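Report on one structure; see the data block that follows.
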Amino acid sequence: MDVKASSPAGATSAGLSLYEFAARLYPICRSITGAGVRETLTLIRTRVPLVVHEVPSGTRVFDWEIPPEWNVEDAAVIDADGRRVVDFQAHNLHLVSYSEPVQTSLSLEELSARLHVLPEQPEWIPYRTSYYRRSWGFCMRARDRAALRAGRYRIEVNSSLAPGSLTYGELLIAGRTREEVLFFTHVCHPSLANDNTSGMAVTTALAEWIAREPRLFTYRFVFAPGTIGSLTWLKRNESRLPRVRHALVLALLGDPGALTYKRSRRETSEIDEIVAYVLAGDGAVIPFSPYGYDERQLCSPGFDLPAGRLTRSVNGGYPQYHTSADDLSLITPAALQGSFETCQRIVDVIESNRRYVNLKPKGEPRLGARGLYGALGGSEPAAHQYAMLWVLNQSDGTRSLLDIAQRSGLPFATLRDAARSLESARLLACPRGKSSVRAVAGRNTRRSKP
Amino acid sequence: MDVKASSPAGATSAGLSLYEFAARLYPICRSITGAGVRETLTLIRTRVPLVVHEVPSGTRVFDWEIPPEWNVEDAAVIDADGRRVVDFQAHNLHLVSYSEPVQTSLSLEELSARLHVLPEQPEWIPYRTSYYRRSWGFCMRARDRAALRAGRYRIEVNSSLAPGSLTYGELLIAGRTREEVLFFTHVCHPSLANDNTSGMAVTTALAEWIAREPRLFTYRFVFAPGTIGSLTWLKRNESRLPRVRHALVLALLGDPGALTYKRSRRETSEIDEIVAYVLAGDGAVIPFSPYGYDERQLCSPGFDLPAGRLTRSVNGGYPQYHTSADDLSLITPAALQGSFETCQRIVDVIESNRRYVNLKPKGEPRLGARGLYGALGGSEPAAHQYAMLWVLNQSDGTRSLLDIAQRSGLPFATLRDAARSLESARLLACPRGKSSVRAVAGRNTRRSKP
Amino acid sequence: MDVKASSPAGATSAGLSLYEFAARLYPICRSITGAGVRETLTLIRTRVPLVVHEVPSGTRVFDWEIPPEWNVEDAAVIDADGRRVVDFQAHNLHLVSYSEPVQTSLSLEELSARLHVLPEQPEWIPYRTSYYRRSWGFCMRARDRAALRAGRYRIEVNSSLAPGSLTYGELLIAGRTREEVLFFTHVCHPSLANDNTSGMAVTTALAEWIAREPRLFTYRFVFAPGTIGSLTWLKRNESRLPRVRHALVLALLGDPGALTYKRSRRETSEIDEIVAYVLAGDGAVIPFSPYGYDERQLCSPGFDLPAGRLTRSVNGGYPQYHTSADDLSLITPAALQGSFETCQRIVDVIESNRRYVNLKPKGEPRLGARGLYGALGGSEPAAHQYAMLWVLNQSDGTRSLLDIAQRSGLPFATLRDAARSLESARLLACPRGKSSVRAVAGRNTRRSKP
């Protein structure tokens, strides 16, 4: 595929680089365990220093158990003439994920219930899984299914389901405080471009960018299989969850649909306000629902993390979803780049959205005497001065800069700059404690090397 | 009157049965005390085992006192030719309710101030009362009034105002908990069909239906005269009021107007949410106001019960209100049946609207392993499965199924069924205590025999 | 100027009287200190018995310090021919307020940066100040500036900047309670008619009117220079601030724009509800912002008083703002009168907006037995009776009459009259304590003589 040919107007080298990385991830046959996940994480480790965790099959994870590890050598349905009429080598979606090993011969009629098609989309191969019930099956184009002749077929599923482990990758970028911002992306889908090579590419680039300079918050990135992977991470990190100040699931970020933020279960978490603010006028905000990606687990009532989700189209929201048509022609450099830049803007607001306290709260302080205000009175103040008045007036420790942006209608960046001016003039301070960010005490705060 | 002739499309035998019962109640001359109320309750007792209470005249009831009992033998205005030009026998609305006994003769001019008419509706007799000031008077068609000739008239009011009692009926249907749902309907109006033979008929049928099977809540039905009757019940049951979880005044349920729910004084009682949900798209919800029927007393600030009111047209909201035109031609079997079925739906939600607790709140539990979820992944969950995810996600003991219905947009019944599936699978429980229904301890919970 | 000629239809003698007083205040050269403020307060004292406070230069006021007192004898820019091409005697806006004394001679080029004009409005003189940085300058019409020829000019600023004092006036009108209603108006602007001879005129008339009869609240009027004046008052009255129940800044009340209420920082103070109610349909309500007049100081986070602001056009909201075109032709008797009458209505609601307690809260009390209700039942209650039912139902000590007006849709005055009837009948009482108005105990409650 010629990436440049499909690159729409607006994509720069950043977009192309995201696209190229997604294209490298695309061919790998991932599932919730197995070699495909490891290969994927190895590729990502060429960019950011992931720690790779292996958790043995059989480990209890809340109500679940890590399943046997699944790997596939080959799989096909072979007709009487020896032709591979359904061929895993041609497309990894052809095999139902977690299909058990099979060597048998069946009539077309006997085989029929094992062959999954999309009658409405005869050219597309559906994506199906059977993680927790031993079974096997094939997915194929409805057109190809219709062409099968009666007769016997040889079934070869050269897979293994054996004790092994579940694999996930994690990256910690320590900031000045131990409070954490958590990014989650799923790595369990095989050759589906938007779902989720797009999410993996954007998350990787975001981790690189965050590691580039010192940050207030500690950032944690988890690249894990959906559901069982996030449950495993939650189980192994339960004691750390109270430190999670914001969480964001990143997925489906390469299709041409508008950006869509799904609120956290709490609906009014700070992350909900932040992303809604960043997307304003340029994306949709939808309410929480308990279906989708790993926000299902992060937002279960026993955790109830402040976890939202950023996608373009939503799961099930585009025709190609969970079919072979979710390929590299569905995603674009420009869409990936826009998603990435939105994530950057979100991080910028997360880093700056403090609750300040006015240190001279009785009346206005003399801004002019501190060189912060024009000396000649009688005309309207400039935006920066007006922003200082807003920050001073509202900063009683209960309102964040984003609250002030929403109340005043002033841009967040203008208020952030005003707050910095006031902090420099010792008119404003950011108190330690609950209402703002807790500082790290007696702890190594050097960030991990990217 | 031929009931079948006036029966609109849509009424079944249930509607006809409601209409026929209203028609039997219609001719009785009721007031706030007296034989008419007793006769009414006797008719209702042929259907449900009301306990009839008699409270003596002179009993103090908060700021009020039970008045002397009023009964009428006969009343008429008789002209010089001996003709009964206004005749209580022809229509009981002709006599002002609570008219004291009179035997006198007056000129038309002297009589004039005692004759009440509706100039705008010359064919209709108005309904007037004088409960608490001794007086007498007649109501008549304006057309008939205009035909009266000057001259003397004999006045015969053969009534009695004497120590007696106020009468009301009560039915308790015990459920598994002692928390009560209270239904109130007024029995003090004479021959007015919508106001309130309709309410009495629907309330009686509802009591029959509720008694037919075991219930979670205890249901109490009060058939009492308006104002003084509800005050008397409140006075005698003051210690029981904290048990009232929901209350609903039922009246004016037979006219062709749309169903109208009037919120409780609290405006956001659970009963307000329930009835608004049941009526959604098919009826109106209006704010509380301190005028109307017995919700005035139930919602006085000293009680502030969670008491709403269900009517079709509202008091004063239809031209025939409080006139002889509120007769059996105004009400219809279909309207009565629709009102009754709405009451049934309200009770269904009341019974099922629990606040559950997810017993596996950390992550999603494995629904597939419990046979609650399709084993093959990759496609969208069915409604029942989606409802289970919603119930599990939201059930932290603070949200009722109705809250979840409103948040999810799923039908209440689908969520109720999902909750039952989850409860059977021991994934969900309904905690005892404040946030849900208090269970009865050490108490006979057999319901009274209907 | 012929006042009558400019008087629009609708203005009566009250409007003319307000206008005439504004016209008397107009010529005075006010600033934040000095003789102009004293002369202004002397004029106001001919109407109401202001106490005049003098606070010495150099006094610390929170983050500020009272500046040297400024007075001007004369100021001019004089050309080579001895003509006063910019002349303070012609208009006091010609001199930048707080200009330091100067005797010098400059080329036009050297002088240029000291000459302020409005290029867009060549006929108007701008208003400029330099309170806290020693400087000097002149303001002039752009047209006149363009006519200046190259050459040398003599500069004469015969002003003084010397230790003295800041002057403000205060009037206390004691009511039955010590809780205070505070009216603030700024007296620091020179010949600007709307900003703020209009505010001074309306505030003076309001004080006269309030003093005319006994009041529930204690009323305090402060006539002070903007910013440093209100800060000085706040500093000297800090211990009294908890008594301030409502505060209102009055300014810009004479132009033809619609009345505009700016909410307090709290946005939902009782004064916010009251003024929004009074203005409903006949004025605008705008959100709080930390720029404008003395509400900036009253609403700083260290005080956060329930202080709103009433103007017609807002600061910066009309072309003539802070220019010589804000003269007596901009303001009208009718506008002043409308502003004054709105203030009266606000005070009427402030005085009557109590939280009552129903003394017979269980059920409705018998209004008929107390002569408060028609004896003959069956027809709709009149507005007064309906209002009594609303007041009785809602009066549990938590809801004010204004809350009831908003909930019921009934006019405030109807509810106030109903409450009075019920209070007379001992069915309602106004409890002492936090939720209503605290009564004065052991204190002289005679109001000061107007």
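We name chains A, B, ... following the order of the structure tokens; residues begin at 1 in each chain, and ligands are numbered from 1 as shown.
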For this session: Give me, as a VMD selection string, the contact residues of chain B against chain C at a cut-off of 7 Å, counting only C-alpha atoms.
Result: chain B and resid 62 to 64 127 to 130 133 231 290 297 300 to 303 322
Residues of stretch 331-440 of chain A that have any atom at most 12 Å from an atom of stretch 192-207 of chain A: could you tabulate them with the shortest-distance atom pair and the distance in Å to one decimal, using only C-alpha atoms, ordered by chain and increasing number, as a tab-separated table?
```
residue	atom	partner	partner_atom	distance
A:Ile331	CA	A:Asn194	CA	6.1
A:Thr332	CA	A:Ser198	CA	9.4
A:Pro333	CA	A:Ser198	CA	9.9
A:Ala334	CA	A:Ser198	CA	11.8
A:Ala335	CA	A:Ser198	CA	9.4
A:Leu336	CA	A:Val202	CA	6.8
A:Gln337	CA	A:Val202	CA	8.1
A:Gly338	CA	A:Val202	CA	9.9
A:Ser339	CA	A:Val202	CA	7.3
A:Phe340	CA	A:Val202	CA	5.6
A:Glu341	CA	A:Leu206	CA	8.9
A:Thr342	CA	A:Leu206	CA	10.3
A:Cys343	CA	A:Leu206	CA	7.3
A:Gln344	CA	A:Leu206	CA	7.2
A:Arg345	CA	A:Leu206	CA	10.9
A:Ile346	CA	A:Leu206	CA	10.9
A:Val347	CA	A:Leu206	CA	9.4
A:Asp348	CA	A:Leu206	CA	11.9
```
Store the residues picked out above in a file with N, CA and C atoms, as an mmCIF file, in the first residue's frame.
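Output below, filename selection.cif:
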```cif
data_model
loop_
_atom_site.group_PDB
_atom_site.id
_atom_site.type_symbol
_atom_site.label_atom_id
_atom_site.label_comp_id
_atom_site.auth_asym_id
_atom_site.auth_seq_id
_atom_site.Cartn_x
_atom_site.Cartn_y
_atom_site.Cartn_z
ATOM 1 N N ILE A 331 -8.183 3.831 7.744
ATOM 2 C CA ILE A 331 -7.555 4.837 8.608
ATOM 3 C C ILE A 331 -6.685 5.768 7.768
ATOM 4 N N THR A 332 -6.497 6.992 8.268
ATOM 5 C CA THR A 332 -5.733 7.978 7.501
ATOM 6 C C THR A 332 -4.703 8.672 8.397
ATOM 7 N N PRO A 333 -3.599 9.085 7.793
ATOM 8 C CA PRO A 333 -2.600 9.859 8.552
ATOM 9 C C PRO A 333 -3.210 11.099 9.204
ATOM 10 N N ALA A 334 -4.094 11.777 8.484
ATOM 11 C CA ALA A 334 -4.648 13.021 9.040
ATOM 12 C C ALA A 334 -5.503 12.723 10.267
ATOM 13 N N ALA A 335 -6.295 11.657 10.212
ATOM 14 C CA ALA A 335 -7.132 11.314 11.361
ATOM 15 C C ALA A 335 -6.267 10.922 12.553
ATOM 16 N N LEU A 336 -5.246 10.119 12.313
ATOM 17 C CA LEU A 336 -4.350 9.731 13.406
ATOM 18 C C LEU A 336 -3.674 10.951 14.012
ATOM 19 N N GLN A 337 -3.233 11.847 13.132
ATOM 20 C CA GLN A 337 -2.552 13.043 13.626
ATOM 21 C C GLN A 337 -3.496 13.917 14.452
ATOM 22 N N GLY A 338 -4.719 14.099 13.973
ATOM 23 C CA GLY A 338 -5.702 14.886 14.734
ATOM 24 C C GLY A 338 -5.964 14.258 16.091
ATOM 25 N N SER A 339 -6.060 12.951 16.143
ATOM 26 C CA SER A 339 -6.282 12.260 17.424
ATOM 27 C C SER A 339 -5.111 12.495 18.361
ATOM 28 N N PHE A 340 -3.917 12.378 17.820
ATOM 29 C CA PHE A 340 -2.707 12.564 18.623
ATOM 30 C C PHE A 340 -2.644 13.986 19.175
ATOM 31 N N GLU A 341 -2.927 14.968 18.337
ATOM 32 C CA GLU A 341 -2.838 16.362 18.781
ATOM 33 C C GLU A 341 -3.906 16.667 19.837
ATOM 34 N N THR A 342 -5.057 16.043 19.698
ATOM 35 C CA THR A 342 -6.078 16.214 20.728
ATOM 36 C C THR A 342 -5.593 15.642 22.052
ATOM 37 N N CYS A 343 -4.937 14.483 22.000
ATOM 38 C CA CYS A 343 -4.388 13.908 23.237
ATOM 39 C C CYS A 343 -3.351 14.849 23.853
ATOM 40 N N GLN A 344 -2.550 15.466 23.017
ATOM 41 C CA GLN A 344 -1.570 16.432 23.542
ATOM 42 C C GLN A 344 -2.270 17.590 24.248
ATOM 43 N N ARG A 345 -3.319 18.100 23.624
ATOM 44 C CA ARG A 345 -4.046 19.215 24.245
ATOM 45 C C ARG A 345 -4.675 18.798 25.570
ATOM 46 N N ILE A 346 -5.167 17.568 25.611
ATOM 47 C CA ILE A 346 -5.745 17.059 26.860
ATOM 48 C C ILE A 346 -4.669 17.028 27.949
ATOM 49 N N VAL A 347 -3.496 16.534 27.594
ATOM 50 C CA VAL A 347 -2.413 16.467 28.583
ATOM 51 C C VAL A 347 -2.009 17.873 29.026
ATOM 52 N N ASP A 348 -1.980 18.804 28.090
ATOM 53 C CA ASP A 348 -1.642 20.189 28.466
ATOM 54 C C ASP A 348 -2.611 20.723 29.514
#
```
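For the choices B:Leu259, B:Leu253, B:Leu172, B:Ala325, the atom-to-atom distance to B:Thr218 is smallest for B:Leu172 when using only C-alpha atoms.
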Problem set entry | All strand (DSSP E or B) positions in stretch 125-333 of chain B, as a VMD selection string | chain B and resid 126 129 138 to 139 152 to 162 165 to 173 180 to 186 218 to 224 244 to 250 260 to 262 284 to 286 307 to 311 323
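Residues in contact with stretch 140-156 of chain A at 8 Å, where only C-alpha atoms are counted and same-chain residues fewer than 3 positions away are skipped, are listed as A:Asp74, A:Ala75, A:Ala76, A:Val77, A:Ile78, A:Asp79, A:Ala80, A:Val86, A:His94, A:Pro101, A:Val102, A:Gln103, A:Thr104, A:Ser105, A:Leu106, A:Ser107, A:Leu108, A:Glu109, A:Leu115, A:His116, A:Val117, A:Leu118, A:Pro119, A:Gln121, A:Pro122, A:Glu123, A:Trp124, A:Ile125, A:Pro126.
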